Amino acid sequence: MENINNMAQNSLQALSRDNLTDKGRRKLTKDIICGAATLSCLAVGLIYTYLLGNAYPIVPQLLYFIGFLIEGVPVIVTGIKGLFTRNLTNAMEILVGVAIIACVFNQELILALLIPLILNIAHLLEERSIMGGRDVIDGLKKMQQSTAILLLDGEERVVDAQTLKVGQQIVIKPGSGIPVDGVVISGETNIDQKSLTGEPQPAHTVIGDDVYAGTVNLDGRIVVEVRKEYVDTSFSKILQLLENSENISAPESRIMDRFLGYYIPFVLGIAAIVALISKDVAQAIAVLVVSCPCGQMLVSSAPMIASLSVATKRGVLIKNSKFIEELTEIDTVVFDKTGTVTKGELALTEVCPFGDVTEQELLQAAAAVAVASTHPVSRAVADYVQSKGMDYRRDLEIREISGGGVEGSGAEGDLLRFGRREWLESEGCVIPAEFGGELMGSVSFVAAGDRLLGAIGFNDTVREDAAKSVVALRELGAERTVILTGDREEPAKRMGETVGVDEVYARLLPQDKLDRIRSLGGEEHGVLAVGDGINDALALREADVGIAMGAMGSDLAIESADIALMNNNLMNIPFVIDLAKKTKKTIYQNLVLSIVISVLMIALSAFGVISALAGSIFHNFGAFAVLINSSRLLRGQQKY
């Protein structure tokens, strides 16, 4: 019989034929064969007794004994192992084993056969229960492409994905899974990344974009250069992380371990007292059977696996028990600015013409030279002008000046420049000292020859859900929200006002961020740090709980944080806090449910209300109550 710990995990698996592993099929087949053989022994023995009465009574007794050997002995063996190894996960086998042995010595072989048979049938029903935690991981494993089309000397050849080396080129056809991490060097397509990010919308991918193992190419043929080997892909690391997360031990499970250490002697004592007072071994056997702690063993594991399933579908990876222990006690949330509260992409935010120059003239002049540059500032100008449908000159010969900017000369000798103040001034352009000082963020200037046309301001783009997530965090108990950044103080404060945080600290180096995290925390406050996992690794490790955003493709993000968000959805932060609170609440509900039901069943059996045979069925009430209560985490509506 499967031990309780395995049952707790497998009972949360949707055991449809499509989801069963080979090992699961073998075990299910074995259970069915053993159960059928035991039932056959019981049926033949009962029929023999009905037809022939007491003639040769040894025959039905022998059949019942064979059934006991098939179903009962494995339970007894497991229980004995649990006693010698002090493995409390075998608490059920210990108690049921004692009950079966008592049945045998009391010459109740039918009961010794039926008790383990009914228990195994009940466990099979639990395994086919309403919850589907493991199917998320199993489904992800099936998405891991095992073969690849290698492009070698212009020829395509199917190879094992595990043999791919960094630098090789592979062809990804429409509808195919991507076997390894790489970069697109030819073609464009749409990639379904939902398995990693939780985002329903496909990502449009062109030359130069990264692609990841475990995602699916939807509609275009692309050629990808391998950047990571099969075992080193982000997908492989995520799968390993999910496998490890199933073994997370919540603090409440450690309470249950201590509880079971007292529970087993208590139940054995109650059974002995009942046997002595009632002079009825059957009542003592009933006490042992109904006291099996199935519900208690599922108290924390069932909600944890359910919550991990919900989180994984949302693109949230949970690494350790801080999810329960500390995330529910957070009162201070610290955000990194660039790449976390903002997108890390410059956008044109302000236009300041000089003299009688119009905004349109200023933007057209800047765009005429910016379109030829790949610098983020130039791209921001080009994107803005093109989005507004503005026309601009396309007849200039353009040159990029390293450290200065971009200039373009026309056929008639006219010259347009776009770049830094110092560069334009060195070229003879006079810029008033106070001009452009009111602009926030990065500022670039535009000139026609020596004549100043104006200045353009650029700022990082705030994420659309940043302010909404701060409001949600306050609803969940965050008393203080903070932004830490290495940016200048003025744009940082302006960003803080836009998002709605309480405090902003600017011009911080990584070590300064670490020191600030320490000062914000201490014994009185629980600190949650949110960053992109690359330049915020120190802060993420120091905080009580660290959340890395946009972790897909970043090994450091996955390793440094307690929780990794595979996408950049800031609403996943209040989501995971809310999920942690619901999980903790469910664990305590399960604890009360299982103990109350166990005590009730033990009392009923001790007073002879429940027989040993009925007890073998009723003892599962606690387990089913825990499973049903835990399943609400899967079916419940998410507030955030």
# chains A, B, ... in the order shown; residues from 1 in each chain; ligands from 1
>>> residues_around(residues="Val216 of chain A", least_positions_apart="3", cutoff="7 Å", atoms="only C-alpha atoms", output="PyMOL selection string")
chain A and resi 175-178+191-193
>>> residues_around(residues="Leu514 of chain A", least_positions_apart="5", cutoff="8 Å", atoms="only C-alpha atoms", output="number ranges by chain")
A: 538-539, 542
>>> residues_around(residues="Lys582 of chain A", least_positions_apart="5", cutoff="12 Å", atoms="only C-alpha atoms", output="PyMOL selection string")
chain A and resi 303-304+306-307+310+323-324+327-328+476+575-577+587-589+629-634+636-639
>>> atom_distance(atom1="atom CA of Arg507 of chain A", atom2="atom CA of Asp487 of chain A")
5.3 Å
>>> residues_around(residues="Arg451 of chain A", least_positions_apart="2", cutoff="8 Å", atoms="only C-alpha atoms", output="ChimeraX atom specification")
/A:429-430,447-449,453
>>> atom_distance(atom1="atom CA of Pro74 of chain A", atom2="atom CA of Pro265 of chain A")
22.1 Å
>>> residues_around(residues="Leu63 of chain A", least_positions_apart="5", cutoff="9 Å", atoms="only C-alpha atoms", output="PyMOL selection string")
chain A and resi 38+40-42+44-45+58+68
>>> select_by_dssp(residues="segment 376-412 of chain A", states="strand (DSSP E)", output="ChimeraX atom specification")
/A:397-401,405-409
>>> atom_distance(atom1="atom CA of Arg480 of chain A", atom2="atom CA of Met495 of chain A")
16.4 Å
>>> closest_atom_pairs(of="segment 547-614 of chain A", to="segment 100-122 of chain A", cutoff="12 Å", atoms="only C-alpha atoms", output="tab-separated table")
residue	atom	partner	partner_atom	distance
A:Ser611	CA	A:Leu111	CA	10.5
A:Ala612	CA	A:Ile115	CA	7.8
A:Leu613	CA	A:Ile115	CA	6.4
A:Ala614	CA	A:Ile115	CA	9.1
>>> residues_around(residues="Lys388 of chain A", least_positions_apart="5", cutoff="12 Å", atoms="only C-alpha atoms", output="list in words")
Gln360, Leu363, Gln364, Ala367, Val381, Ala382 and Asp383 of chain A
>>> closest_residue(among="A:Val206, A:Val180, A:Val333, A:Ile401", to="Gly477 of chain A", atoms="only C-alpha atoms")
A:Val333
>>> residues_around(residues="Phe266 of chain A", least_positions_apart="4", cutoff="12 Å", atoms="only C-alpha atoms", output="list of chain:residue names")
A:Leu95, A:Phe259, A:Leu260, A:Gly261, A:Tyr262, A:Ile270, A:Ala271, A:Ala272, A:Ile273, A:Val287, A:Leu288, A:Ser291, A:Val599, A:Ile602
>>> closest_residue(among="A:Ile149, A:Leu416, A:Ala99, A:Leu218", to="Leu268 of chain A", atoms="only C-alpha atoms")
A:Ala99
>>> closest_residue(among="A:Ala506, A:Thr78, A:Phe354, A:Asp465", to="Leu452 of chain A", atoms="only C-alpha atoms")
A:Phe354
>>> decode(residues="segment 441-459 of chain A", atoms="N, CA, C and O atoms", output="CSV table (one decimal), in the first residue's frame")
chain,number,residue,atom,x,y,z
A,441,GLY,N,13.8,63.7,-16.4
A,441,GLY,CA,14.4,62.5,-17.1
A,441,GLY,C,15.6,62.9,-18.0
A,441,GLY,O,16.3,63.9,-17.7
A,442,SER,N,15.8,62.1,-19.0
A,442,SER,CA,16.9,62.4,-20.0
A,442,SER,C,16.4,63.5,-20.9
A,442,SER,O,15.3,63.5,-21.4
A,443,VAL,N,17.4,64.4,-21.3
A,443,VAL,CA,17.1,65.5,-22.1
A,443,VAL,C,18.0,65.6,-23.3
A,443,VAL,O,19.3,65.5,-23.1
A,444,SER,N,17.5,65.7,-24.5
A,444,SER,CA,18.3,65.8,-25.7
A,444,SER,C,17.9,67.1,-26.5
A,444,SER,O,16.7,67.5,-26.4
A,445,PHE,N,18.9,67.7,-27.2
A,445,PHE,CA,18.6,69.0,-27.9
A,445,PHE,C,18.7,68.8,-29.4
A,445,PHE,O,19.4,67.9,-29.9
A,446,VAL,N,18.0,69.7,-30.1
A,446,VAL,CA,17.9,69.7,-31.5
A,446,VAL,C,18.4,71.1,-32.1
A,446,VAL,O,18.0,72.1,-31.5
A,447,ALA,N,19.2,71.0,-33.1
A,447,ALA,CA,19.7,72.3,-33.7
A,447,ALA,C,19.8,72.1,-35.2
A,447,ALA,O,20.0,71.0,-35.8
A,448,ALA,N,19.5,73.3,-35.9
A,448,ALA,CA,19.7,73.4,-37.4
A,448,ALA,C,20.9,74.2,-37.6
A,448,ALA,O,20.9,75.4,-37.4
A,449,GLY,N,22.0,73.6,-37.9
A,449,GLY,CA,23.3,74.3,-38.0
A,449,GLY,C,23.7,74.8,-36.6
A,449,GLY,O,23.8,73.9,-35.7
A,450,ASP,N,23.8,76.1,-36.4
A,450,ASP,CA,24.2,76.6,-35.1
A,450,ASP,C,22.9,77.1,-34.3
A,450,ASP,O,23.0,77.6,-33.2
A,451,ARG,N,21.7,77.0,-35.0
A,451,ARG,CA,20.5,77.6,-34.4
A,451,ARG,C,19.8,76.5,-33.6
A,451,ARG,O,19.5,75.4,-34.1
A,452,LEU,N,19.5,76.8,-32.3
A,452,LEU,CA,18.8,75.9,-31.4
A,452,LEU,C,17.3,75.9,-31.8
A,452,LEU,O,16.7,76.9,-31.9
A,453,LEU,N,16.8,74.6,-32.0
A,453,LEU,CA,15.4,74.4,-32.3
A,453,LEU,C,14.6,74.1,-31.0
A,453,LEU,O,13.4,74.4,-30.9
A,454,GLY,N,15.2,73.4,-30.1
A,454,GLY,CA,14.5,73.1,-28.9
A,454,GLY,C,15.1,71.9,-28.1
A,454,GLY,O,16.2,71.4,-28.5
A,455,ALA,N,14.3,71.4,-27.1
A,455,ALA,CA,14.8,70.2,-26.3
A,455,ALA,C,13.6,69.3,-26.2
A,455,ALA,O,12.4,69.6,-26.3
A,456,ILE,N,14.0,68.0,-26.1
A,456,ILE,CA,13.0,66.9,-25.9
A,456,ILE,C,13.3,66.1,-24.7
A,456,ILE,O,14.5,65.7,-24.5
A,457,GLY,N,12.3,65.8,-23.9
A,457,GLY,CA,12.5,65.1,-22.6
A,457,GLY,C,12.1,63.6,-22.8
A,457,GLY,O,11.1,63.3,-23.4
A,458,PHE,N,12.8,62.7,-22.2
A,458,PHE,CA,12.5,61.3,-22.2
A,458,PHE,C,12.4,60.7,-20.8
A,458,PHE,O,13.2,61.0,-20.0
A,459,ASN,N,11.5,59.8,-20.6
A,459,ASN,CA,11.4,59.1,-19.3
A,459,ASN,C,11.1,57.7,-19.5
A,459,ASN,O,10.5,57.3,-20.6
